[in-house]
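See structure below.
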Amino acid sequence: MPATTPRAQVLNLAILAYLNEGPPHGYALRKALNLSLGTFRTLSYGSLYPALRRLENAGLIESREDHSIPGSPRKRITYSISAKGRDYLDNELSSAGPGDWEDGTFDVRFSMFGSTDSATRLRILGGRYARMLERRDALALWADSAFRHADSYATELARHGLEQVNAEVAWLDNMIESERRIYAARRTGGHTAAHE
């Protein structure tokens with residue numbers, strides 16, 4: 001794949017994951033991504049179709065005209081994942097790096113956890129947890145500085161940010177603990193029903 005931004009990379013991954021479930025046309029694909037991926041709620045055709053072209057040029061997806069829609073004067077193009085695309089998707093879902101736990105990508109990676117192995121899920125959750133602790137420390141310093149300078153609005157904004165980060169840290173604590181139980185059970189041959 002050609003080098004792209006982290007947001008474009010995660011969009012590519014989301015498209016491949018969705019196409020792995022079946023071959024929709026562009027409208028259905030955009031609608032599904034907008035519904036399931038909060039980060040891409042405003043995904044436009046101007047973002048989707050260039051991504052589809054890049055994926056097709058890289059040999060990861062294939063397109064074909066769909067003539068099975070009765071009474072439709074417009075041709076519809078359906079997209080499907082190729083064997084090379086499945087290999088790429090499997091490889092990407094089993095890897096994790098700093099870009100996977102940033103604000104623009106974490107939600108999308110998390111939405112694909114059902115297709116991601118437990119060890120990779122733990123790496124992504126751990127990375128996000130560390131990022132949120134860094135953010136919490138920075139917000140606490142900002143709040144302290146704003147308080148010392150009697151800037152009530154900056155203090156309130158920092159307090160609000162701290163509440164949000166603390167809520168995410170608590171949620172991540174629970175997710176990591178749950179994931180560790182799943183990982184341990186799989187390593188020892190046990191079984192757990194959560195997040196299968």
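Order determines the names: the first chain of the structure tokens is A, the second B, and so forth; residues in each chain are numbered 1 upward, and ligands are numbered 1 upward as they are shown.
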Q: Just the strand (DSSP E or B) stuff from segment 10-177 of chain A, please, per backbone DSSP, written as a VMD selection string.
A: chain A and resid 25 61 to 66 76 to 81
So that I have them on file, write out the residues from the current selection with all heavy atoms, as an mmCIF file, in the first residue's frame.
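Done, and the output landed in part13.cif:
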data_model
loop_
_atom_site.group_PDB
_atom_site.id
_atom_site.type_symbol
_atom_site.label_atom_id
_atom_site.label_comp_id
_atom_site.auth_asym_id
_atom_site.auth_seq_id
_atom_site.Cartn_x
_atom_site.Cartn_y
_atom_site.Cartn_z
ATOM 1 N N HIS A 25 -22.180 -2.212 -2.740
ATOM 2 C CA HIS A 25 -21.841 -1.110 -3.642
ATOM 3 C C HIS A 25 -21.450 0.091 -2.785
ATOM 4 O O HIS A 25 -21.567 0.068 -1.556
ATOM 5 C CB HIS A 25 -23.000 -0.788 -4.592
ATOM 6 C CG HIS A 25 -24.317 -0.600 -3.918
ATOM 7 N ND1 HIS A 25 -24.672 0.576 -3.312
ATOM 8 C CD2 HIS A 25 -25.361 -1.451 -3.738
ATOM 9 C CE1 HIS A 25 -25.883 0.457 -2.790
ATOM 10 N NE2 HIS A 25 -26.318 -0.764 -3.035
ATOM 11 N N ILE A 61 -8.718 -4.929 -3.315
ATOM 12 C CA ILE A 61 -10.151 -5.117 -3.577
ATOM 13 C C ILE A 61 -10.355 -5.193 -5.081
ATOM 14 O O ILE A 61 -9.479 -4.834 -5.867
ATOM 15 C CB ILE A 61 -11.026 -3.988 -2.981
ATOM 16 C CG1 ILE A 61 -10.758 -2.651 -3.673
ATOM 17 C CG2 ILE A 61 -10.851 -3.890 -1.476
ATOM 18 C CD1 ILE A 61 -11.746 -1.546 -3.279
ATOM 19 N N GLU A 62 -11.542 -5.666 -5.463
ATOM 20 C CA GLU A 62 -11.927 -5.748 -6.869
ATOM 21 C C GLU A 62 -13.296 -5.110 -7.026
ATOM 22 O O GLU A 62 -14.102 -5.122 -6.094
ATOM 23 C CB GLU A 62 -11.977 -7.213 -7.308
ATOM 24 C CG GLU A 62 -10.633 -7.904 -7.184
ATOM 25 C CD GLU A 62 -10.726 -9.425 -7.200
ATOM 26 O OE1 GLU A 62 -11.847 -9.971 -7.083
ATOM 27 O OE2 GLU A 62 -9.672 -10.059 -7.310
ATOM 28 N N SER A 63 -13.554 -4.525 -8.171
ATOM 29 C CA SER A 63 -14.862 -3.926 -8.426
ATOM 30 C C SER A 63 -15.460 -4.539 -9.679
ATOM 31 O O SER A 63 -14.744 -5.031 -10.545
ATOM 32 C CB SER A 63 -14.732 -2.406 -8.602
ATOM 33 O OG SER A 63 -13.985 -2.101 -9.766
ATOM 34 N N ARG A 64 -16.774 -4.512 -9.740
ATOM 35 C CA ARG A 64 -17.470 -4.966 -10.947
ATOM 36 C C ARG A 64 -18.815 -4.260 -11.024
ATOM 37 O O ARG A 64 -19.373 -3.840 -10.005
ATOM 38 C CB ARG A 64 -17.644 -6.475 -10.971
ATOM 39 C CG ARG A 64 -18.588 -7.041 -9.944
ATOM 40 C CD ARG A 64 -18.794 -8.553 -10.120
ATOM 41 N NE ARG A 64 -19.696 -9.070 -9.122
ATOM 42 C CZ ARG A 64 -21.021 -9.011 -9.183
ATOM 43 N NH1 ARG A 64 -21.613 -8.453 -10.209
ATOM 44 N NH2 ARG A 64 -21.768 -9.518 -8.229
ATOM 45 N N GLU A 65 -19.317 -4.120 -12.257
ATOM 46 C CA GLU A 65 -20.633 -3.510 -12.445
ATOM 47 C C GLU A 65 -21.706 -4.500 -12.041
ATOM 48 O O GLU A 65 -21.627 -5.675 -12.364
ATOM 49 C CB GLU A 65 -20.830 -3.106 -13.906
ATOM 50 C CG GLU A 65 -20.031 -1.899 -14.301
ATOM 51 C CD GLU A 65 -20.367 -1.419 -15.701
ATOM 52 O OE1 GLU A 65 -21.508 -1.659 -16.161
ATOM 53 O OE2 GLU A 65 -19.491 -0.808 -16.325
ATOM 54 N N ASP A 66 -22.691 -3.987 -11.322
ATOM 55 C CA ASP A 66 -23.806 -4.824 -10.866
ATOM 56 C C ASP A 66 -25.026 -4.487 -11.726
ATOM 57 O O ASP A 66 -25.558 -3.390 -11.655
ATOM 58 C CB ASP A 66 -24.079 -4.544 -9.387
ATOM 59 C CG ASP A 66 -25.170 -5.435 -8.818
ATOM 60 O OD1 ASP A 66 -25.761 -6.232 -9.567
ATOM 61 O OD2 ASP A 66 -25.430 -5.315 -7.605
ATOM 62 N N ARG A 76 -24.409 0.367 -10.996
ATOM 63 C CA ARG A 76 -23.879 0.302 -9.649
ATOM 64 C C ARG A 76 -22.606 -0.532 -9.688
ATOM 65 O O ARG A 76 -22.536 -1.540 -10.387
ATOM 66 C CB ARG A 76 -24.875 -0.366 -8.699
ATOM 67 C CG ARG A 76 -26.145 0.423 -8.512
ATOM 68 C CD ARG A 76 -26.148 1.058 -7.149
ATOM 69 N NE ARG A 76 -27.339 1.875 -6.981
ATOM 70 C CZ ARG A 76 -28.121 1.797 -5.945
ATOM 71 N NH1 ARG A 76 -27.882 0.937 -4.996
ATOM 72 N NH2 ARG A 76 -29.148 2.583 -5.840
ATOM 73 N N ILE A 77 -21.630 -0.107 -8.936
ATOM 74 C CA ILE A 77 -20.381 -0.844 -8.831
ATOM 75 C C ILE A 77 -20.368 -1.536 -7.476
ATOM 76 O O ILE A 77 -20.637 -0.899 -6.452
ATOM 77 C CB ILE A 77 -19.156 0.101 -8.935
ATOM 78 C CG1 ILE A 77 -19.215 0.961 -10.192
ATOM 79 C CG2 ILE A 77 -17.855 -0.681 -8.856
ATOM 80 C CD1 ILE A 77 -19.088 0.212 -11.483
ATOM 81 N N THR A 78 -20.107 -2.828 -7.476
ATOM 82 C CA THR A 78 -19.934 -3.532 -6.206
ATOM 83 C C THR A 78 -18.456 -3.788 -5.998
ATOM 84 O O THR A 78 -17.681 -3.907 -6.950
ATOM 85 C CB THR A 78 -20.711 -4.864 -6.175
ATOM 86 O OG1 THR A 78 -20.253 -5.698 -7.235
ATOM 87 C CG2 THR A 78 -22.199 -4.638 -6.300
ATOM 88 N N TYR A 79 -18.093 -3.885 -4.731
ATOM 89 C CA TYR A 79 -16.694 -4.068 -4.363
ATOM 90 C C TYR A 79 -16.569 -5.325 -3.524
ATOM 91 O O TYR A 79 -17.434 -5.630 -2.707
ATOM 92 C CB TYR A 79 -16.194 -2.862 -3.553
ATOM 93 C CG TYR A 79 -16.259 -1.576 -4.335
ATOM 94 C CD1 TYR A 79 -17.400 -0.769 -4.303
ATOM 95 C CD2 TYR A 79 -15.197 -1.178 -5.140
ATOM 96 C CE1 TYR A 79 -17.476 0.398 -5.033
ATOM 97 C CE2 TYR A 79 -15.263 -0.009 -5.879
ATOM 98 C CZ TYR A 79 -16.398 0.777 -5.821
ATOM 99 O OH TYR A 79 -16.481 1.931 -6.552
ATOM 100 N N SER A 80 -15.475 -6.043 -3.736
ATOM 101 C CA SER A 80 -15.206 -7.228 -2.925
ATOM 102 C C SER A 80 -13.722 -7.271 -2.584
ATOM 103 O O SER A 80 -12.884 -6.739 -3.321
ATOM 104 C CB SER A 80 -15.634 -8.504 -3.648
ATOM 105 O OG SER A 80 -14.961 -8.604 -4.888
ATOM 106 N N ILE A 81 -13.426 -7.901 -1.482
ATOM 107 C CA ILE A 81 -12.038 -8.019 -1.051
ATOM 108 C C ILE A 81 -11.368 -9.149 -1.835
ATOM 109 O O ILE A 81 -11.996 -10.172 -2.121
ATOM 110 C CB ILE A 81 -11.966 -8.250 0.482
ATOM 111 C CG1 ILE A 81 -10.532 -8.107 0.998
ATOM 112 C CG2 ILE A 81 -12.582 -9.574 0.874
ATOM 113 C CD1 ILE A 81 -10.441 -8.020 2.520
#
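Each of A:Val165, A:Ile15, A:Leu33, A:Leu172 was checked against Glu134 of chain A using only C-alpha atoms; the smallest atom-to-atom distance is that of A:Val165.
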Q: Go ahead and compute the interatomic distance for atom CA of Asp117 of chain A and atom CA of Arg54 of chain A, in Å to one decimal.
A: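 Computing it gives 26.8 Å between the two atoms.
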Q. Can you list every residue in segment 51-128 of chain A that DSSP puts in alpha helix (DSSP H), as JSON, numbers by chain?
A. {"A": [51, 52, 53, 54, 55, 56, 57, 83, 84, 85, 86, 87, 88, 89, 90, 91, 92, 93, 103, 104, 105, 106, 107, 108, 109, 110, 111, 118, 119, 120, 121, 122, 123, 124, 125, 126, 127, 128]}
Q: Identify, on the basis of only C-alpha atoms, every residue whose closest approach to Leu162 of chain A does not exceed 7 Å; exclude the query and any residue fewer than 4 positions from it along the same chain; express the result as a ChimeraX atom specification.
A: /A:136,139,158,166
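Note that atom CA of Leu133 of chain A and atom CA of Asn12 of chain A are 28.7 Å apart.
Nearest residue to Arg131 of chain A among A:Arg186, A:Ala51, A:Asp100, A:Thr116 is A:Asp100, counting only C-alpha atoms.
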(Q) With distances taken over only C-alpha atoms, which residue among A:Gly46, A:Gly104, A:Gly97, A:Gly189 lies nearest Leu125 of chain A? (A) A:Gly97
